[in-house]
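S.K.: Could you have a look at this structure, given as structure tokens, before my questions?
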Amino acid sequence: MYFRKSLLFLFILVGFRQISAQNLIYLRPDKVFDGEKVLEKYGVVIKGNKIESIDIQVNIEKSLPKDAKIIDLKNATLLPGLIEGHTHLFLHPYNEVTWDDQVLKEARSYRTARAVIHAEKTLKAGFTTARDLGTEGAEFDDVGLKKAIEDGVILGPRLLIATKALIATGSYGPRTFSPDIKVPQGAEEADGIDDLIKKTRNQIGKGADLIKIYADYRWGLRGEAAPTFSLDEIKLIVATAQSAGRPTVAHASTVEGMRRAILGGVETIEHGDNGTPEIWKLMAEKNVYLCATLAAGDAITQYRGWKKGVEEEPERIKKKRVTFKQALEAGVKICFGGDVGVFAHGDNARELEMMVEYGMTPTEALKSATSVNADAFHLNKEVGRIKQGLLADIVVVEGNPMQQISDIRNVKLVMKEGKMINLR
């Protein structure tokens, strides 16, 4: 009896080892960018949905089971799955349909159908995680989109969602109507202690992973950007969100809007167009990240008639170059995020190219889109690096994006949690 039990245990053990070996995938590229540095002639072993090991190829091959699946990736670079820091999956480029018309005239069912396609394009471009910063009038539809991805119903990146986002009453849009007419807004209006707490909690209760506020917007006396929430209001939103374990992020482009958001406790500033050396210093001191969204401003300026590469850069673009360089020099941590939706989903790499054009090295830009974003978004125990035990989110591109950043577009392989994504 004992012999039979021992034999049965042996069969089970051997069978388990065989299954485990068959589940091993060995990726053998020319280079690995692990989220921090470049490694030559390294390989990565995947087991199930996680990274089993990363080591010199010679060392891996000494102990690799014979029936492990080997994928040779010549002239290719392996990186962590990229993390998009600022997207709007429920929007599409403004030169196709204006923002106002998308919010007011496109049915939510139609916008959700588009969002499904946008999510798939994002994933196939190598972005296995994305922070969606507001549905822009599509209510809580990002909650269902996120669940459909998680359940495998549709293809898409792992999502961090902001649901509606919060605005001060009267500050957002659409606003081009008679004051006698109340039209749907692109985010949720909230004011005062009770209302701010209630609506922050409601967004969290409906499924928000983070709270987004508009710390300023174009509602000044002459249509210029001006602050919205007071410092105390921002502190209240941040404290309410923090009590439920959620971070707060802020759309902010004015000096005063940024100052209030930083002192109020937000974790990232989105855009930051008019930042000053004093503001950048404050951000660095408070460890607040900048998501500069260079590509959005570039796209909008072209939609308005600028012929890039032919005409001189408009003042808006020249100023953005200056402020971005100031932020880098001040030591502000830079998130990668393009405000995708303003321009086409799947073209997320446009922001990486512009980050390099505006002064970052390719390696710094790639760190921003991997390990830096993972740290900023509290995901570093799951993704953002090629490291044993982390989820097997991987992108492989032909060429060397650490030398030529545009090579990041040459996607050969995308893996999300150990599953190969069909790129066709």
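Every chain in the structure tokens has a letter given in the order shown (A, B, ...), and although residue numbers restart at 1 in each chain, ligands are simply numbered from 1 in the order shown.
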Write down as an NGL selection string the residues of range 19-165 of chain A whose backbone DSSP state falls under alpha helix (DSSP H).
M.R.: :A and (19-22 or 57-63 or 99-105 or 108-124 or 141-150)
S.K.: Write to file, as a compact mmCIF listing (two decimals), in the first residue's frame, the residues of the selection just made, with C-alpha atoms.
M.R.:
```txt
# COMPACT_ATOMS: atom_id res chain seq x y z
CA ILE A 19 3.58 20.47 -17.23
CA SER A 20 5.66 23.21 -15.59
CA ALA A 21 8.44 22.75 -18.13
CA GLN A 22 5.98 22.85 -20.99
CA GLN A 57 21.53 33.65 -21.97
CA VAL A 58 24.37 31.18 -21.40
CA ASN A 59 23.32 30.68 -17.79
CA ILE A 60 19.65 30.20 -18.68
CA GLU A 61 20.45 27.66 -21.37
CA LYS A 62 22.49 25.51 -18.99
CA SER A 63 19.43 24.62 -16.93
CA TRP A 99 -14.57 67.59 -28.42
CA ASP A 100 -17.89 69.42 -27.98
CA ASP A 101 -19.57 67.29 -30.63
CA GLN A 102 -18.20 64.07 -29.18
CA VAL A 103 -19.61 64.96 -25.75
CA LEU A 104 -22.97 66.26 -27.01
CA LYS A 105 -23.76 64.42 -30.23
CA ARG A 108 -22.50 56.69 -25.26
CA SER A 109 -23.07 53.31 -26.90
CA TYR A 110 -21.24 54.58 -29.98
CA ARG A 111 -18.40 56.02 -27.87
CA THR A 112 -18.06 52.74 -25.99
CA ALA A 113 -17.86 50.81 -29.27
CA ARG A 114 -15.03 53.11 -30.33
CA ALA A 115 -13.36 52.71 -26.92
CA VAL A 116 -13.22 48.93 -27.42
CA ILE A 117 -11.22 49.43 -30.63
CA HIS A 118 -9.04 52.10 -29.00
CA ALA A 119 -8.17 49.72 -26.16
CA GLU A 120 -7.13 46.99 -28.57
CA LYS A 121 -4.97 49.37 -30.62
CA THR A 122 -3.28 50.59 -27.43
CA LEU A 123 -2.41 47.05 -26.34
CA LYS A 124 -1.12 46.03 -29.76
CA ASP A 141 -18.67 53.57 -18.90
CA ASP A 142 -14.94 53.07 -18.25
CA VAL A 143 -15.90 50.76 -15.36
CA GLY A 144 -17.53 48.32 -17.78
CA LEU A 145 -14.71 48.69 -20.28
CA LYS A 146 -12.15 47.82 -17.60
CA LYS A 147 -14.13 44.75 -16.49
CA ALA A 148 -14.55 43.53 -20.07
CA ILE A 149 -10.76 43.65 -20.46
CA GLU A 150 -10.15 41.93 -17.13
```
S.K.: Might you pull out every residue within 12 Å of Gly223 in chain A, with only C-alpha atoms counted and same-chain residues fewer than 3 positions away left off, and present them as a ChimeraX atom specification?
M.R.: /A:171-172,175-176,216-220,226
S.K.: Write out as a ChimeraX atom specification the residues lying within 10 Å of range 200-207 of chain A, counting only C-alpha atoms and excluding same-chain residues fewer than 6 positions away.
M.R.: /A:139-140,142-144,146,160-166,188,190,213,236-238,240-241,243-246
S.K.: Would you list the contacts of range 24-40 of chain A as number ranges by chain, taking every protein, DNA or RNA residue within 9 Å and counting only C-alpha atoms, but skipping same-chain residues closer than 4 positions in sequence?
M.R.: A: 19-20, 44-48, 52, 56-57, 60, 64-65, 67-80, 363-364, 366-372, 384-387, 396, 400, 402, 418
S.K.: Store the residues of this selection in a file with N, CA and C atoms, as a tab-separated table (two decimals), in the first residue's frame.
M.R.:
```tsv
chain	number	residue	atom	x	y	z
A	19	ILE	N	4.51	19.39	-16.90
A	19	ILE	CA	3.58	20.47	-17.23
A	19	ILE	C	4.25	21.81	-17.01
A	20	SER	N	4.99	21.96	-15.88
A	20	SER	CA	5.66	23.21	-15.59
A	20	SER	C	6.68	23.53	-16.67
A	44	VAL	N	14.99	36.08	-20.96
A	44	VAL	CA	13.92	36.14	-19.96
A	44	VAL	C	13.10	34.86	-20.06
A	45	VAL	N	12.85	34.25	-18.90
A	45	VAL	CA	12.04	33.04	-18.84
A	45	VAL	C	10.70	33.37	-18.20
A	46	ILE	N	9.64	32.98	-18.87
A	46	ILE	CA	8.28	33.22	-18.40
A	46	ILE	C	7.67	31.91	-17.96
A	47	LYS	N	7.03	31.92	-16.82
A	47	LYS	CA	6.31	30.74	-16.33
A	47	LYS	C	4.91	31.19	-15.92
A	48	GLY	N	3.92	30.67	-16.60
A	48	GLY	CA	2.56	31.10	-16.31
A	48	GLY	C	2.39	32.57	-16.64
A	52	GLU	N	9.80	34.33	-14.58
A	52	GLU	CA	10.47	33.32	-13.76
A	52	GLU	C	11.91	33.71	-13.47
A	56	ILE	N	21.86	36.05	-17.93
A	56	ILE	CA	22.66	35.91	-19.15
A	56	ILE	C	22.18	34.66	-19.88
A	57	GLN	N	22.08	34.75	-21.18
A	57	GLN	CA	21.53	33.65	-21.97
A	57	GLN	C	22.27	32.34	-21.73
A	60	ILE	N	21.01	30.73	-18.54
A	60	ILE	CA	19.65	30.20	-18.68
A	60	ILE	C	19.68	28.88	-19.42
A	64	LEU	N	17.88	25.11	-18.73
A	64	LEU	CA	16.55	25.20	-19.34
A	64	LEU	C	16.04	23.80	-19.70
A	65	PRO	N	14.82	23.44	-19.28
A	65	PRO	CA	14.26	22.13	-19.66
A	65	PRO	C	14.18	22.00	-21.18
A	67	ASP	N	11.98	20.77	-23.09
A	67	ASP	CA	10.70	21.01	-23.75
A	67	ASP	C	10.18	22.43	-23.51
A	68	ALA	N	11.02	23.31	-22.99
A	68	ALA	CA	10.62	24.70	-22.86
A	68	ALA	C	10.50	25.33	-24.25
A	69	LYS	N	9.56	26.23	-24.40
A	69	LYS	CA	9.39	26.91	-25.68
A	69	LYS	C	10.40	28.04	-25.80
A	70	ILE	N	11.19	28.02	-26.88
A	70	ILE	CA	12.22	29.04	-27.09
A	70	ILE	C	11.80	29.94	-28.23
A	71	ILE	N	11.83	31.25	-27.99
A	71	ILE	CA	11.51	32.22	-29.03
A	71	ILE	C	12.74	33.07	-29.29
A	72	ASP	N	13.36	32.87	-30.44
A	72	ASP	CA	14.53	33.66	-30.83
A	72	ASP	C	14.07	35.01	-31.36
A	73	LEU	N	14.73	36.06	-30.91
A	73	LEU	CA	14.34	37.42	-31.28
A	73	LEU	C	15.57	38.19	-31.74
A	74	LYS	N	16.02	37.85	-32.93
A	74	LYS	CA	17.22	38.47	-33.49
A	74	LYS	C	16.97	39.94	-33.82
A	75	ASN	N	18.01	40.74	-33.64
A	75	ASN	CA	17.94	42.17	-33.94
A	75	ASN	C	16.75	42.82	-33.24
A	76	ALA	N	16.50	42.40	-32.01
A	76	ALA	CA	15.33	42.89	-31.29
A	76	ALA	C	15.68	43.26	-29.86
A	77	THR	N	14.85	44.14	-29.30
A	77	THR	CA	15.01	44.58	-27.91
A	77	THR	C	13.75	44.23	-27.14
A	78	LEU	N	13.93	43.62	-25.98
A	78	LEU	CA	12.84	43.26	-25.09
A	78	LEU	C	12.73	44.31	-24.00
A	79	LEU	N	11.52	44.77	-23.74
A	79	LEU	CA	11.27	45.77	-22.71
A	79	LEU	C	10.07	45.36	-21.86
A	80	PRO	N	9.92	45.99	-20.67
A	80	PRO	CA	8.67	45.80	-19.94
A	80	PRO	C	7.51	46.33	-20.76
A	363	THR	N	16.77	56.57	-23.46
A	363	THR	CA	16.69	55.71	-22.27
A	363	THR	C	15.87	56.35	-21.17
A	364	GLU	N	16.03	57.67	-20.96
A	364	GLU	CA	15.23	58.37	-19.96
A	364	GLU	C	13.74	58.31	-20.31
A	366	LEU	N	12.23	56.01	-22.10
A	366	LEU	CA	11.76	54.64	-21.92
A	366	LEU	C	11.59	54.30	-20.44
A	367	LYS	N	12.47	54.81	-19.60
A	367	LYS	CA	12.29	54.64	-18.16
A	367	LYS	C	10.98	55.28	-17.71
A	368	SER	N	10.70	56.46	-18.26
A	368	SER	CA	9.47	57.17	-17.92
A	368	SER	C	8.24	56.32	-18.25
A	369	ALA	N	8.30	55.61	-19.37
A	369	ALA	CA	7.15	54.81	-19.82
A	369	ALA	C	7.11	53.43	-19.19
A	370	THR	N	8.06	53.11	-18.34
A	370	THR	CA	8.08	51.79	-17.70
A	370	THR	C	8.24	51.92	-16.19
A	371	SER	N	9.46	51.95	-15.70
A	371	SER	CA	9.68	51.93	-14.25
A	371	SER	C	9.20	53.19	-13.55
A	372	VAL	N	9.39	54.36	-14.16
A	372	VAL	CA	8.96	55.61	-13.52
A	372	VAL	C	7.44	55.64	-13.37
A	384	GLY	N	6.23	47.10	-14.88
A	384	GLY	CA	7.12	48.24	-15.08
A	384	GLY	C	8.59	47.91	-15.17
A	385	ARG	N	8.94	46.67	-14.80
A	385	ARG	CA	10.32	46.24	-14.87
A	385	ARG	C	10.38	44.78	-15.32
A	386	ILE	N	11.50	44.40	-15.88
A	386	ILE	CA	11.76	42.98	-16.15
A	386	ILE	C	12.48	42.45	-14.92
A	387	LYS	N	11.72	41.81	-14.06
A	387	LYS	CA	12.23	41.40	-12.76
A	387	LYS	C	11.51	40.14	-12.31
A	396	VAL	N	8.38	43.38	-27.32
A	396	VAL	CA	9.63	43.20	-28.06
A	396	VAL	C	9.52	43.98	-29.35
A	400	ASN	N	16.74	49.03	-31.92
A	400	ASN	CA	17.27	49.45	-30.63
A	400	ASN	C	16.70	50.82	-30.26
A	402	MET	N	16.77	52.39	-27.59
A	402	MET	CA	17.64	53.18	-26.71
A	402	MET	C	18.58	54.07	-27.52
A	418	GLY	N	1.78	37.01	-19.40
A	418	GLY	CA	2.24	35.73	-19.93
A	418	GLY	C	1.51	35.26	-21.16
```
S.K.: Pick the closest to Gly275 in chain A from A:Ile234, A:Glu315, A:Val322, A:His251: which is it, counting only C-alpha atoms?
M.R.: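 Selected residue with least distance to Gly275 in chain A: A:Val322.
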S.K.: Within 12 Å of range 259-263 of chain A, counting only C-alpha atoms, which residues qualify if same-chain residues fewer than 2 places away don't, as a PyMOL selection string?
M.R.: chain A and resi 212-216+226-238+248-257+265-270+272+274-276+278-290
S.K.: Find, counting only C-alpha atoms, the residue in A:Ile197, A:Met420, A:Leu352, A:Ala374 that gets nearest to Pro401 in chain A.
M.R.: A:Leu352
